[in-house]
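Enquirer: Just passing along the structure, written as structure tokens.
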Amino acid sequence: MQIEETSLHTYLSYQDAPRAMAWLEALGFVASTRQDDDAGRVLHAELRLGNAVVMVASSDAAYVVPPLHGSSTGCGVYLASSDVDELFDRAVQSGGRTVLPPEDTGWGSRRARVLDPEGREWSFGSYRPGVNAAPGFSHSQ
């Protein structure tokens, strides 16, 4: 079965969704949609940076964010960009925590990693999944 016209987006719930949205806006994201309830909680918001879209909402439960073990939480958001250093600088200046400062990789790309203000892992990299393969790897069809 072949499924056409698909896209992948991330959604994240935050205890303080407005603060998370402000952090994303500091990275360069622009809010295109926001719906709040009568108490001011974010029911649904969408923020865009280029072709990247992140959906954000206020947490409706006490979700557990995976802790950092070494240099990763084991899951996170990867944002491909030609300006890894600029994204990293903006992320840290606006409240993100450094995990990996910008560095060149052994597979020919640039990367950095931070935890957002609520501890979720964000990686920035010049590698573009599905577009360019790392040396020694090939894309299957």
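A note on labels: chains of the structure tokens are A, B, ... as shown, every chain counts residues from 1, and ligands are counted from 1 in their shown order.
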Give me the residues within 9 Å of segment 22-36 of chain A as a VMD selection string, counting only C-alpha atoms and dropping any in the same chain fewer than 3 places off.
Expert: chain A and resid 17 to 19 39 to 50 52 to 54 56 86 to 91 93 to 96 116 to 117
Enquirer: Please, could you write that set of residues out with C-alpha atoms as a PDB file, in the first residue's frame?
Expert:
ATOM      1  CA  ALA A  17       2.510  26.645  27.039  1.00  0.00           C
ATOM      2  CA  PRO A  18       2.743  30.454  26.644  1.00  0.00           C
ATOM      3  CA  ARG A  19       6.355  30.332  27.906  1.00  0.00           C
ATOM      4  CA  ALA A  39      -8.974  30.203  31.863  1.00  0.00           C
ATOM      5  CA  GLY A  40      -6.217  31.228  29.414  1.00  0.00           C
ATOM      6  CA  ARG A  41      -4.839  27.710  28.867  1.00  0.00           C
ATOM      7  CA  VAL A  42      -3.645  26.995  25.345  1.00  0.00           C
ATOM      8  CA  LEU A  43      -5.952  24.410  23.797  1.00  0.00           C
ATOM      9  CA  HIS A  44      -4.141  24.388  20.455  1.00  0.00           C
ATOM     10  CA  ALA A  45      -1.472  26.533  18.841  1.00  0.00           C
ATOM     11  CA  GLU A  46       0.610  26.175  15.696  1.00  0.00           C
ATOM     12  CA  LEU A  47       3.977  27.816  15.189  1.00  0.00           C
ATOM     13  CA  ARG A  48       5.864  27.836  11.894  1.00  0.00           C
ATOM     14  CA  LEU A  49       9.484  28.362  10.906  1.00  0.00           C
ATOM     15  CA  GLY A  50       9.953  27.871   7.182  1.00  0.00           C
ATOM     16  CA  ALA A  52       8.543  23.330  10.029  1.00  0.00           C
ATOM     17  CA  VAL A  53       5.316  23.402  12.051  1.00  0.00           C
ATOM     18  CA  VAL A  54       5.049  22.662  15.774  1.00  0.00           C
ATOM     19  CA  VAL A  56       1.653  23.299  21.205  1.00  0.00           C
ATOM     20  CA  GLU A  86      22.234  30.895  15.152  1.00  0.00           C
ATOM     21  CA  LEU A  87      19.445  28.556  16.307  1.00  0.00           C
ATOM     22  CA  PHE A  88      21.607  27.298  19.163  1.00  0.00           C
ATOM     23  CA  ASP A  89      22.486  30.838  20.275  1.00  0.00           C
ATOM     24  CA  ARG A  90      18.833  31.924  20.217  1.00  0.00           C
ATOM     25  CA  ALA A  91      17.745  28.763  22.062  1.00  0.00           C
ATOM     26  CA  GLN A  93      19.785  33.007  25.173  1.00  0.00           C
ATOM     27  CA  SER A  94      16.041  32.507  25.602  1.00  0.00           C
ATOM     28  CA  GLY A  95      16.212  29.858  28.329  1.00  0.00           C
ATOM     29  CA  GLY A  96      17.337  26.611  26.721  1.00  0.00           C
ATOM     30  CA  ASP A 116      13.951  23.616  26.058  1.00  0.00           C
ATOM     31  CA  PRO A 117      12.725  25.401  29.214  1.00  0.00           C
TER      32      PRO A 117
END
Enquirer: Counting only C-alpha atoms, what is within 12 Å of Gly74 of chain A, bar same-chain residues fewer than 4 positions away, as an MDAnalysis selection string?
Expert: chainID A and resid 65:70 120:123
Enquirer: Go ahead and dump the residues you just picked, all heavy atoms, as an mmCIF file, in the first residue's frame.
Expert:
data_model
loop_
_atom_site.group_PDB
_atom_site.id
_atom_site.type_symbol
_atom_site.label_atom_id
_atom_site.label_comp_id
_atom_site.auth_asym_id
_atom_site.auth_seq_id
_atom_site.Cartn_x
_atom_site.Cartn_y
_atom_site.Cartn_z
ATOM 1 N N VAL A 65 8.621 14.084 31.288
ATOM 2 C CA VAL A 65 9.580 14.351 30.227
ATOM 3 C C VAL A 65 10.799 13.482 30.509
ATOM 4 O O VAL A 65 11.309 13.496 31.636
ATOM 5 C CB VAL A 65 9.961 15.845 30.197
ATOM 6 C CG1 VAL A 65 11.032 16.112 29.162
ATOM 7 C CG2 VAL A 65 8.724 16.693 29.929
ATOM 8 N N PRO A 66 11.273 12.704 29.509
ATOM 9 C CA PRO A 66 12.426 11.839 29.770
ATOM 10 C C PRO A 66 13.631 12.655 30.257
ATOM 11 O O PRO A 66 13.912 13.731 29.728
ATOM 12 C CB PRO A 66 12.726 11.210 28.404
ATOM 13 C CG PRO A 66 11.478 11.365 27.616
ATOM 14 C CD PRO A 66 10.809 12.605 28.127
ATOM 15 N N PRO A 67 14.332 12.159 31.259
ATOM 16 C CA PRO A 67 15.507 12.882 31.761
ATOM 17 C C PRO A 67 16.693 12.733 30.817
ATOM 18 O O PRO A 67 16.756 11.793 30.013
ATOM 19 C CB PRO A 67 15.790 12.197 33.095
ATOM 20 C CG PRO A 67 15.271 10.814 32.918
ATOM 21 C CD PRO A 67 14.066 10.940 32.029
ATOM 22 N N LEU A 68 17.614 13.643 30.944
ATOM 23 C CA LEU A 68 18.838 13.609 30.159
ATOM 24 C C LEU A 68 19.767 12.528 30.707
ATOM 25 O O LEU A 68 20.017 12.473 31.913
ATOM 26 C CB LEU A 68 19.530 14.978 30.232
ATOM 27 C CG LEU A 68 20.765 15.189 29.383
ATOM 28 C CD1 LEU A 68 20.406 15.162 27.898
ATOM 29 C CD2 LEU A 68 21.412 16.540 29.729
ATOM 30 N N HIS A 69 20.228 11.648 29.840
ATOM 31 C CA HIS A 69 21.234 10.640 30.177
ATOM 32 C C HIS A 69 22.403 10.872 29.230
ATOM 33 O O HIS A 69 22.277 10.625 28.028
ATOM 34 C CB HIS A 69 20.694 9.217 29.996
ATOM 35 C CG HIS A 69 19.647 8.850 30.988
ATOM 36 N ND1 HIS A 69 19.949 8.507 32.285
ATOM 37 C CD2 HIS A 69 18.294 8.797 30.887
ATOM 38 C CE1 HIS A 69 18.824 8.242 32.937
ATOM 39 N NE2 HIS A 69 17.818 8.414 32.111
ATOM 40 N N GLY A 70 23.499 11.367 29.753
ATOM 41 C CA GLY A 70 24.627 11.697 28.883
ATOM 42 C C GLY A 70 24.264 12.878 28.012
ATOM 43 O O GLY A 70 23.974 13.961 28.498
ATOM 44 N N ARG A 120 12.575 19.330 27.288
ATOM 45 C CA ARG A 120 12.463 18.516 26.078
ATOM 46 C C ARG A 120 13.681 18.745 25.193
ATOM 47 O O ARG A 120 14.181 19.856 25.078
ATOM 48 C CB ARG A 120 11.187 18.856 25.316
ATOM 49 C CG ARG A 120 9.976 18.285 26.004
ATOM 50 C CD ARG A 120 8.691 18.773 25.345
ATOM 51 N NE ARG A 120 7.549 18.254 26.069
ATOM 52 C CZ ARG A 120 7.103 18.734 27.221
ATOM 53 N NH1 ARG A 120 7.725 19.749 27.794
ATOM 54 N NH2 ARG A 120 6.060 18.209 27.819
ATOM 55 N N GLU A 121 14.103 17.670 24.551
ATOM 56 C CA GLU A 121 15.315 17.714 23.717
ATOM 57 C C GLU A 121 15.006 18.278 22.328
ATOM 58 O O GLU A 121 14.075 17.838 21.662
ATOM 59 C CB GLU A 121 15.868 16.299 23.585
ATOM 60 C CG GLU A 121 17.153 16.213 22.812
ATOM 61 C CD GLU A 121 17.712 14.802 22.808
ATOM 62 O OE1 GLU A 121 17.774 14.175 23.893
ATOM 63 O OE2 GLU A 121 18.072 14.317 21.735
ATOM 64 N N TRP A 122 15.809 19.243 21.932
ATOM 65 C CA TRP A 122 15.760 19.825 20.595
ATOM 66 C C TRP A 122 17.157 19.722 19.989
ATOM 67 O O TRP A 122 18.128 20.177 20.603
ATOM 68 C CB TRP A 122 15.353 21.296 20.652
ATOM 69 C CG TRP A 122 13.898 21.502 20.920
ATOM 70 C CD1 TRP A 122 13.255 21.352 22.124
ATOM 71 C CD2 TRP A 122 12.911 21.868 19.976
ATOM 72 N NE1 TRP A 122 11.926 21.611 21.972
ATOM 73 C CE2 TRP A 122 11.681 21.932 20.653
ATOM 74 C CE3 TRP A 122 12.942 22.157 18.610
ATOM 75 C CZ2 TRP A 122 10.498 22.282 20.021
ATOM 76 C CZ3 TRP A 122 11.760 22.508 17.987
ATOM 77 C CH2 TRP A 122 10.560 22.559 18.688
ATOM 78 N N SER A 123 17.238 19.139 18.820
ATOM 79 C CA SER A 123 18.500 19.071 18.082
ATOM 80 C C SER A 123 18.382 19.946 16.847
ATOM 81 O O SER A 123 17.340 19.963 16.191
ATOM 82 C CB SER A 123 18.815 17.635 17.655
ATOM 83 O OG SER A 123 19.068 16.830 18.780
#
Enquirer: Go through A:Gly119, A:Pro129, A:Gly106, A:Pro101 and flag the residue nearest Tyr78 of chain A, using only C-alpha atoms for the distances.
Expert: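 Selected residue with least distance to Tyr78 of chain A: A:Pro129.
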Enquirer: Neighbouring residues of Thr105 of chain A were defined as those with any atom within 12 Å, considering only C-alpha atoms; residues of the same chain fewer than 4 positions away were excluded. Please report them as a list in words.
Expert: Leu100, Pro101, Ser109, Arg110, Arg111, Ala112, Gly125, Ser126, Tyr127, Ala134 and Pro135 of chain A
Enquirer: Using DSSP secondary structure from the backbone, list all strand (DSSP E or B) positions within chain A, as JSON, numbers by chain.
Expert: {"A": [10, 11, 12, 13, 14, 30, 31, 32, 33, 34, 35, 36, 42, 43, 44, 45, 46, 47, 48, 49, 52, 53, 54, 55, 56, 57, 58, 69, 72, 77, 78, 79, 80, 97, 98, 99, 100, 101, 102, 103, 104, 110, 111, 112, 113, 114, 115, 121, 122, 123, 124, 125]}
Enquirer: Just to confirm, what's the straight-line distance from atom CA of Glu103 of chain A to atom CA of Gly76 of chain A in Å (one decimal)?
Expert: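 Atom-to-atom, atom CA of Glu103 of chain A and atom CA of Gly76 of chain A are spaced 18.4 Å apart.
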Enquirer: One decimal, Å: what's the distance from atom CA of Ser72 of chain A over to atom CA of Ala57 of chain A, could you say?
Expert: 23.6 Å
Enquirer: What does the structure give for the distance between atom CA of Tyr14 of chain A and atom CA of Asp38 of chain A, in Å to one decimal?
Expert: 17.7 Å
Enquirer: Which of segment 28-137 of chain A counts as helix (DSSP H, G or I) under DSSP, as a ChimeraX atom specification please?
Expert: /A:84-93
